[in-house]
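Working notes, structure below.
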Amino acid sequence: MFYREAGQFKTTYASDMAVLPILQDRIGLAVILLIGFVGIPLLGGNFFLQTVMIPFLVFSLAAIGLNILTGYTGLLSLGSGAFMGVGAYACYKLTTIYPGVNIVIWIVASGFFAAAIGVVFGLPSLRIKGFYLIVATLAAQFFLQWSFVRIPWLYNYNASGAIEVPQRLFAGIPLTGANATPVTRYLVLLGIVTFLTWIASNLVHGRIGRSWMAVRDMDIAAELMGIRLLPAKLLAFAVSSFYCGVAGACMMFLWYGGGEANDAFNINQSFTILFMVIIGGLGSLIGSFLGAAFISILPTALKFGVPALGIAIPGTVAEHATYILLGALIIFFLIVEPHGLARLWQIGKQKLRMWPFPY
Amino acid sequence: MDLIYSIFVDPFLQMAGAPDLLVQTLWEGFVGGILYALIALGFVLIFKASGVFNFAQGIMVVFAALTLVGLYEKGVPAFLALALTIGVMFLIAAAVERVVLRPLVNQPDIILFMATFGLTYLLIGLGEAIFGGNPKVMIAEQLYLPKGAVDIKMLGGVVTLQKIDIAAAVIALAMIACLSVFFQYTRIGRALRAVADSHKAALSVGISLNQIWVIVWFLAGVVALITGIMWGARSDVSFALQVVALKALPVLVLGGFTSIPGAVVGGLIIGIGEKIGEFYWGPLVGGATESWLAYCIALVFLMFRPQGLFGERIIERI
């Protein structure tokens, strides 16, 4: 009824090719951004920001990264956890060596280090395809994870062997460390995520994104059409690792506030991000957000939501139930809609355009 | 110079200096490789017949072993428990076929791969809820598996072989031989190979895909049970075993996804390479290389043969 594009005429080529061609979509996006930047910090408590919104945003960023590699370029990767780790350690080293530079710059810059490592481990992708590529990325995952523990230089020879996040200011307010409030961390994180999502959206809608999708659909055909496979695939690895690296740095500095690599960046993290991408929808940016929301919020919701309903369950049972439920939901969603939540979103929008008429 | 010496000369001098240690390392690598091969075998069976990359094989190993031990602890005699566990594996196979595979027929590979992930989580949750998360001791003695060690004097030293390792190797090799015979000479085996070749052609000559899938998942379940017993007898039965399943990936890739001999050869290369690498070259980089060395070995092989050692040649057409 109110979601109709009737009367919106496209008079230029640019408006025809716009990412959000419908006025209501643009309004919707603006409303979501307004809620994100103003509404949630005002209304959400610290607990909500810390346990729901910050994890959601961090995982969204990582999911966008993996989606660029797996969803858009068709290269399966199980190394995203390790690339997040590279970002976190790079950021830690940078900010301890150059403490004067603004931390936000280092968080974003650490992505470039992850990108460089990603390119190195992406080199085999030209020759190795499909499920076989998993092994190359697993090699990256386990080798990097091993390096995080074995190279003490990376964590500044700390006795704990973990990253100890120092206090850094952003515009005079503590952004990292123990004194930072969740609201500041949330707002900076939201800013980074919004900016990088905008970049990713432009990348995947432009020439580069099209060449990635051509490679995904059939790489030999893409090669025959003049797309150079090695640069295209390596660029996908680089951009994907960049996003994962920034997500890792954000995770360490804006969410965890310190921790050990083997806990934070292990193989399970890679799996979690792969879940998000697949549940959300391969080859869809909005899917990355939906998937991240689903997978990162579900365990928290189960943990805190079920007792809130008045059903008291002991912690261990709840943990098992979370596993069972998560497994069952993954299978259920794959059966109902193999193309993920993003497709459901699209179908919903299509239905809304017709509503209340059936055709 | 020193570095080059310690990489290229010193390890070999060590090998020549203490051949008994070398044999011991080789044997440990061999046994480890056999066990990797067993897990990889479960993968191969399912991949051949249904094209599903079954990530849940690792947790199936744990689940089967836990069921066996759990039943025994409830007072069921050991061999009855074994039979019951096989029954449970059949139920899982049937349930997986009915609930997961059938609705997802004809979906892209990665979707099915993810579905087996869901299955993994489901089985982890179920296993922990039913049997608890604590490690359990495998009922090796009750199943008449040998205990203790044999010392063999050779090459101027003593090589110690655990009897359970010998048993594991023998049983594993026997099972692989049985499976090969089963695939080659029985009616069901032929049907399985037909399905592996082409689903459509197999359907058109009247082979029921659904039945075949139940059979292969069941076979993979039995392989998982045997792997679980062997692995559990060497260490404890715990969910940590599931991580070992990830080691089966390089094995699988090395041998090729569709080849049973490939799984065995790949398992041996990875198992032996990992142990030798860790023992002779590991100290150079600070040890604990076992976590990633296997993947790097597989990667090196893949660079030269992208389809694995025994895989079917990948032919791409436009």
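Simple scheme: letters A, B, ... for chains in structure tokens order, numbers from 1 for residues in each chain, numbers from 1 for ligands in the order shown.
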
task = Please identify all polymer residues within 10 Å of Ser211 of chain A, counting only C-alpha atoms, omitting same-chain residues fewer than 5 positions from it, and present them as a ChimeraX atom specification.
result = /A:72-73,204,206,216-217,219,222-223,225-229,232-233

message = I need the chain B residues near chain A as number ranges by chain; criterion: at most 9 Å, counting only C-alpha atoms.
response = B: 53, 99-100, 103-104, 107-108, 110-112, 114-129, 246, 249-250, 253, 257, 285-289, 291-296, 298-299, 302-308, 316-318

task = Check the smallest atom-to-atom distance from each of A:Gln346, A:Ser77, A:Ser288, A:Asn202 to Phe121 of chain A using only C-alpha atoms, then report the winner.
result =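 Among A:Gln346, A:Ser77, A:Ser288, A:Asn202, it is A:Ser77 that comes nearest to Phe121 of chain A.
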
query = Pick the closest to Thr227 of chain B from B:Val62, B:Val158, B:Asn54, B:Phe279: which is it, counting only C-alpha atoms?
reply =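 Under the stated criterion, the closest residue is B:Val62.
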
task = Enumerate the residues of segment 271-344 of chain A with a DSSP assignment of alpha helix (DSSP H), computed from the backbone, and present them as a ChimeraX atom specification.
result = /A:271-280,285-300,306-308,315-336,340-344

inquiry  = My list of candidates is B:Lys147, B:Ser259, B:Lys48, B:Leu3. Which is closest to Asp197 of chain B when distances are computed with only C-alpha atoms?
reply    =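 Closest residue, counting only C-alpha atoms: B:Lys48.
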
query = Which of these, A:Val86, A:Leu61, A:Leu49, A:Val277, has the shortest distance to Leu187 of chain A once you count only C-alpha atoms?
reply = A:Leu49

Considering only C-alpha atoms, give me a table of residues in segment 93-208 of chain A that are at most 8 Å from segment 35-46 of chain A, with the closest atom pair and distance in Å for each, as CSV.
residue,atom,partner,partner_atom,distance
A:Thr181,CA,A:Asn46,CA,7.9
A:Pro182,CA,A:Asn46,CA,5.9
A:Val183,CA,A:Pro41,CA,6.0
A:Tyr186,CA,A:Pro41,CA,7.9
A:Leu187,CA,A:Phe37,CA,6.7
A:Leu190,CA,A:Phe37,CA,7.5

Kindly export the residues of the current selection with N, CA and C atoms, as a PDB file, in the first residue's frame.
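Saved file out_9.pdb follows:
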ATOM      1  N   THR A 181      33.371   3.815  27.468  1.00  0.00           N
ATOM      2  CA  THR A 181      31.978   3.421  27.654  1.00  0.00           C
ATOM      3  C   THR A 181      31.494   2.686  26.413  1.00  0.00           C
ATOM      4  N   PRO A 182      30.540   1.778  26.580  1.00  0.00           N
ATOM      5  CA  PRO A 182      30.011   1.065  25.418  1.00  0.00           C
ATOM      6  C   PRO A 182      29.456   2.018  24.363  1.00  0.00           C
ATOM      7  N   VAL A 183      28.909   3.152  24.781  1.00  0.00           N
ATOM      8  CA  VAL A 183      28.284   4.046  23.801  1.00  0.00           C
ATOM      9  C   VAL A 183      29.323   4.590  22.825  1.00  0.00           C
ATOM     10  N   TYR A 186      30.468   1.814  20.593  1.00  0.00           N
ATOM     11  CA  TYR A 186      29.415   1.454  19.642  1.00  0.00           C
ATOM     12  C   TYR A 186      29.346   2.457  18.504  1.00  0.00           C
ATOM     13  N   LEU A 187      29.398   3.747  18.848  1.00  0.00           N
ATOM     14  CA  LEU A 187      29.235   4.769  17.812  1.00  0.00           C
ATOM     15  C   LEU A 187      30.399   4.732  16.820  1.00  0.00           C
ATOM     16  N   LEU A 190      30.019   1.664  14.708  1.00  0.00           N
ATOM     17  CA  LEU A 190      28.942   1.833  13.729  1.00  0.00           C
ATOM     18  C   LEU A 190      29.417   2.705  12.571  1.00  0.00           C
TER      19      LEU A 190
END

message = Between atom CA of Gly256 of chain B and atom CA of Val96 of chain B, what is the distance in Å, rounded to a tenth?
response =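 For atom CA of Gly256 of chain B relative to atom CA of Val96 of chain B, the distance reads 24.7 Å.
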
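Neighbouring residues of Thr85 of chain B at 9 Å or closer, counting only C-alpha atoms and skipping chain neighbours under 4 positions away, are Ala64, Ala65, Thr67, Leu68, Leu71, Leu80, Ala81, Met89, Phe90, Val222 and Leu225 of chain B.
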
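For segment 46-251 of chain B, backbone-based DSSP labels the following residues as strand (DSSP E): B:Ala149, B:Val150, B:Asp151, B:Ile152, B:Lys153, B:Met154, B:Gly157, B:Val158, B:Val159, B:Thr160, B:Leu161, B:Gln162.
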
Output of the above residues as a PDB file, in the first residue's frame, restricted to N, CA and C atoms:
ATOM      1  N   ALA B 149      52.461 -53.540  25.378  1.00  0.00           N
ATOM      2  CA  ALA B 149      53.357 -53.167  24.292  1.00  0.00           C
ATOM      3  C   ALA B 149      54.306 -54.305  23.968  1.00  0.00           C
ATOM      4  N   VAL B 150      54.794 -54.306  22.747  1.00  0.00           N
ATOM      5  CA  VAL B 150      55.802 -55.267  22.327  1.00  0.00           C
ATOM      6  C   VAL B 150      57.084 -54.497  22.081  1.00  0.00           C
ATOM      7  N   ASP B 151      58.182 -55.006  22.604  1.00  0.00           N
ATOM      8  CA  ASP B 151      59.468 -54.388  22.299  1.00  0.00           C
ATOM      9  C   ASP B 151      60.182 -55.243  21.266  1.00  0.00           C
ATOM     10  N   ILE B 152      60.623 -54.600  20.214  1.00  0.00           N
ATOM     11  CA  ILE B 152      61.371 -55.317  19.177  1.00  0.00           C
ATOM     12  C   ILE B 152      62.779 -54.761  19.163  1.00  0.00           C
ATOM     13  N   LYS B 153      63.741 -55.666  19.287  1.00  0.00           N
ATOM     14  CA  LYS B 153      65.136 -55.216  19.198  1.00  0.00           C
ATOM     15  C   LYS B 153      65.545 -55.176  17.739  1.00  0.00           C
ATOM     16  N   MET B 154      65.937 -54.003  17.284  1.00  0.00           N
ATOM     17  CA  MET B 154      66.395 -53.914  15.900  1.00  0.00           C
ATOM     18  C   MET B 154      67.286 -52.700  15.743  1.00  0.00           C
ATOM     19  N   GLY B 157      68.812 -50.864  18.675  1.00  0.00           N
ATOM     20  CA  GLY B 157      68.000 -50.171  19.677  1.00  0.00           C
ATOM     21  C   GLY B 157      66.725 -50.946  19.909  1.00  0.00           C
ATOM     22  N   VAL B 158      65.795 -50.344  20.608  1.00  0.00           N
ATOM     23  CA  VAL B 158      64.532 -51.015  20.887  1.00  0.00           C
ATOM     24  C   VAL B 158      63.393 -50.167  20.319  1.00  0.00           C
ATOM     25  N   VAL B 159      62.519 -50.815  19.573  1.00  0.00           N
ATOM     26  CA  VAL B 159      61.350 -50.125  19.051  1.00  0.00           C
ATOM     27  C   VAL B 159      60.137 -50.651  19.801  1.00  0.00           C
ATOM     28  N   THR B 160      59.364 -49.748  20.386  1.00  0.00           N
ATOM     29  CA  THR B 160      58.211 -50.171  21.166  1.00  0.00           C
ATOM     30  C   THR B 160      56.942 -50.025  20.335  1.00  0.00           C
ATOM     31  N   LEU B 161      56.225 -51.139  20.179  1.00  0.00           N
ATOM     32  CA  LEU B 161      54.956 -51.075  19.454  1.00  0.00           C
ATOM     33  C   LEU B 161      53.833 -51.343  20.443  1.00  0.00           C
ATOM     34  N   GLN B 162      52.864 -50.436  20.521  1.00  0.00           N
ATOM     35  CA  GLN B 162      51.698 -50.695  21.349  1.00  0.00           C
ATOM     36  C   GLN B 162      50.843 -51.735  20.647  1.00  0.00           C
TER      37      GLN B 162
END

Residue neighbourhood Arg190 of chain B, 12 Å, only C-alpha atoms, exclusion window fewer than 4 positions, as a ChimeraX atom specification = /B:49,180-186,194-197,202,207,212

Please produce a file of the residues just selected, as a PDB file, in the first residue's frame, where the atoms kept are C-alpha atoms.
ATOM      1  CA  ALA B  49      27.585 -41.800  -3.446  1.00  0.00           C
ATOM      2  CA  SER B 180      36.856 -52.682  -1.581  1.00  0.00           C
ATOM      3  CA  VAL B 181      35.510 -56.190  -2.098  1.00  0.00           C
ATOM      4  CA  PHE B 182      32.033 -55.008  -1.166  1.00  0.00           C
ATOM      5  CA  PHE B 183      32.199 -52.171  -3.676  1.00  0.00           C
ATOM      6  CA  GLN B 184      33.643 -54.333  -6.423  1.00  0.00           C
ATOM      7  CA  TYR B 185      31.717 -57.575  -6.238  1.00  0.00           C
ATOM      8  CA  THR B 186      28.341 -57.195  -4.535  1.00  0.00           C
ATOM      9  CA  ALA B 194      26.594 -46.530 -10.362  1.00  0.00           C
ATOM     10  CA  VAL B 195      25.164 -43.757  -8.207  1.00  0.00           C
ATOM     11  CA  ALA B 196      28.640 -42.333  -7.762  1.00  0.00           C
ATOM     12  CA  ASP B 197      29.088 -42.221 -11.532  1.00  0.00           C
ATOM     13  CA  ALA B 202      21.452 -44.773 -11.853  1.00  0.00           C
ATOM     14  CA  ILE B 207      18.340 -47.824  -8.443  1.00  0.00           C
ATOM     15  CA  ILE B 212      21.545 -45.954  -1.498  1.00  0.00           C
TER      16      ILE B 212
END

query = Expressed in Å to a single decimal, how great is the separation between atom CA of Leu20 of chain A and atom CA of Ile286 of chain A?
reply =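 Separation of atom CA of Leu20 of chain A and atom CA of Ile286 of chain A: 12.3 Å.
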
query = Suppose you want the space between atom CA of Met175 of chain B and atom CA of Val243 of chain B; what is it in Å?
reply = 23.3 Å

query = Quick one: of A:Phe48, A:Phe148, A:Tyr157, A:Trp198, who's nearest to Gly87 of chain A, counting only C-alpha atoms?
reply =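 Ranking A:Phe48, A:Phe148, A:Tyr157, A:Trp198 by distance to Gly87 of chain A, first place goes to A:Phe148.
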
Test item: residues at most 8 Å from Met84 of chain A, only C-alpha atoms, excluding those fewer than 3 positions along its chain, as number ranges by chain = A: 62, 80-81, 87-88, 114, 241, 244-249, 265

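Ranking B:Ala83, B:Leu26, B:Cys178, B:Ala18 by their shortest atom-to-atom distance to Gly273 of chain B, with only C-alpha atoms included, puts B:Leu26 first.
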
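For Leu352 of chain A, the list of residues within 9 Å, based on only C-alpha atoms and with local chain neighbours fewer than 2 positions off taken out, reads Met1, Phe2, Tyr3, Arg4, Ile347, Gly348, Lys349, Gln350, Met354, Trp355 and Pro356 of chain A.
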